[in-house]
Amino acid sequence: MDKKIMLVGKTRTGKTTLIQHLLYGEAQYKKTQAIEFLGNFIDTPGEYIELPTMYHALLITSYEASIILFLIDSHEKSSVFPPNFAQAFNREVIGVVTKLDQGGDYEKAKTQLIKAGVKEVFPINYEDPSTVQALKDYLMGKDIE
């Protein structure tokens with residue numbers, strides 16, 4: 001996969017965990033303190049979306065990416081993403097609902113991502129590896145410059 005994929009989401013949404021599952025099939029937790037490049041993935045700190053004064057860092061970093069993933073925890077009561085925030089990026093933005101293996105409300109989380117401007121939404125349930133594989137297949141199949 002030659003594409004760079006940037007992940008954006010609140011702290012403890014599972015960005016690093018998802019990257020590790022996509023790359024290695026398993027995860028070992030570690031807190032992302034700064035923007036990190038892991039293989040073809042760009043892992044951003046949750047604070048960058050939690051603090052509007054940091055939006056510029058996300059926008060600038062997105063120029064390194066071919067595609068953006070907005071992640072939301074299935075347990076979130078509200079979205080950290082402003083309405084139509086995806087339109088601020090000159091890239092395709094995909095939604096990912098995490099932590100479905102711990103319950104949560106997929107439909108509510110999906111609705112929040114759609115309000116943020118994403119067109120495609122993928123559920124992630126680590127007890128069902130096919131959910132991670134479906135996202136990986138989608139990302140690998142995209143014809144992105």
# chains A, B, ... in the order shown; residues from 1 in each chain; ligands from 1

$ closest_atom_pairs --of "region 52-114 of chain A" --to "region 120-123 of chain A" --cutoff "10 Å" --atoms "only C-alpha atoms" --output "CSV"
residue,atom,partner,partner_atom,distance
A:Leu69,CA,A:Val121,CA,9.4
A:Phe70,CA,A:Val121,CA,9.2
A:Leu71,CA,A:Val121,CA,9.5
A:Ile72,CA,A:Pro123,CA,10.0
A:Ser74,CA,A:Pro123,CA,9.0
A:Glu92,CA,A:Glu120,CA,9.6
A:Val93,CA,A:Glu120,CA,8.0
A:Ile94,CA,A:Glu120,CA,5.3
A:Gly95,CA,A:Val121,CA,4.4
A:Val96,CA,A:Phe122,CA,4.8
A:Val97,CA,A:Pro123,CA,4.8
A:Thr98,CA,A:Pro123,CA,6.4
A:Lys99,CA,A:Pro123,CA,8.6
A:Leu100,CA,A:Pro123,CA,7.2
A:Asp101,CA,A:Pro123,CA,9.9
A:Tyr106,CA,A:Pro123,CA,7.3
A:Glu107,CA,A:Pro123,CA,9.8
A:Ala109,CA,A:Val121,CA,9.5
A:Lys110,CA,A:Val121,CA,6.5
A:Thr111,CA,A:Val121,CA,9.4
A:Leu113,CA,A:Val121,CA,7.6
A:Ile114,CA,A:Val121,CA,8.0

$ write_last_selection --atoms "C-alpha atoms" --output "PDB file, in the first residue's frame"
ATOM      1  CA  LEU A  69     -10.106   8.489   8.667  1.00  0.00           C
ATOM      2  CA  PHE A  70     -12.383  10.145  11.249  1.00  0.00           C
ATOM      3  CA  LEU A  71     -12.734   7.820  14.241  1.00  0.00           C
ATOM      4  CA  ILE A  72     -15.463   7.924  16.849  1.00  0.00           C
ATOM      5  CA  SER A  74     -19.300   3.835  19.737  1.00  0.00           C
ATOM      6  CA  GLU A  92     -11.488  11.622   0.828  1.00  0.00           C
ATOM      7  CA  VAL A  93     -12.622  11.318   4.444  1.00  0.00           C
ATOM      8  CA  ILE A  94     -13.939   7.988   5.727  1.00  0.00           C
ATOM      9  CA  GLY A  95     -15.668   7.369   9.049  1.00  0.00           C
ATOM     10  CA  VAL A  96     -14.753   4.568  11.448  1.00  0.00           C
ATOM     11  CA  VAL A  97     -16.794   3.561  14.508  1.00  0.00           C
ATOM     12  CA  THR A  98     -14.528   1.884  17.077  1.00  0.00           C
ATOM     13  CA  LYS A  99     -14.995  -0.198  20.228  1.00  0.00           C
ATOM     14  CA  LEU A 100     -18.084  -2.060  19.025  1.00  0.00           C
ATOM     15  CA  ASP A 101     -16.651  -5.154  20.736  1.00  0.00           C
ATOM     16  CA  TYR A 106     -23.216   2.098  16.085  1.00  0.00           C
ATOM     17  CA  GLU A 107     -26.129   3.944  14.470  1.00  0.00           C
ATOM     18  CA  ALA A 109     -21.960   7.125  16.047  1.00  0.00           C
ATOM     19  CA  LYS A 110     -22.491   6.632  12.306  1.00  0.00           C
ATOM     20  CA  THR A 111     -24.984   9.522  12.252  1.00  0.00           C
ATOM     21  CA  LEU A 113     -19.812  10.898  11.382  1.00  0.00           C
ATOM     22  CA  ILE A 114     -22.217  11.558   8.520  1.00  0.00           C
TER      23      ILE A 114
END

$ residues_around --residues "Phe89 (chain A)" --least-positions-apart "6" --cutoff "12 Å" --atoms "only C-alpha atoms" --output "PyMOL selection string"
chain A and resi 6+8+55-70+116-118

$ select_by_dssp --residues "chain A" --states "alpha helix (DSSP H)" --output "PyMOL selection string"
chain A and resi 15-24+47-50+55-62+106-115+129-141

$ select_by_dssp --residues "chain A" --states "strand (DSSP E)" --output "ChimeraX atom specification"
/A:5-8,36-38,41-43,67-73,92-98,121-123

$ closest_residue --among "A:Lys119, A:Arg91, A:Asp73, A:Ile19" --to "Gly103 (chain A)" --atoms "only C-alpha atoms"
A:Asp73

$ closest_residue --among "A:Lys3, A:Lys77, A:Lys108, A:Lys136" --to "Gly25 (chain A)" --atoms "only C-alpha atoms"
A:Lys136

$ residues_around --residues "Ile35 (chain A)" --least-positions-apart "2" --cutoff "7 Å" --atoms "only C-alpha atoms" --output "PyMOL selection string"
chain A and resi 37+42-45

$ closest_residue --among "A:Ile124, A:Leu139, A:Met54, A:Ala134" --to "Lys15 (chain A)" --atoms "only C-alpha atoms"
A:Ile124
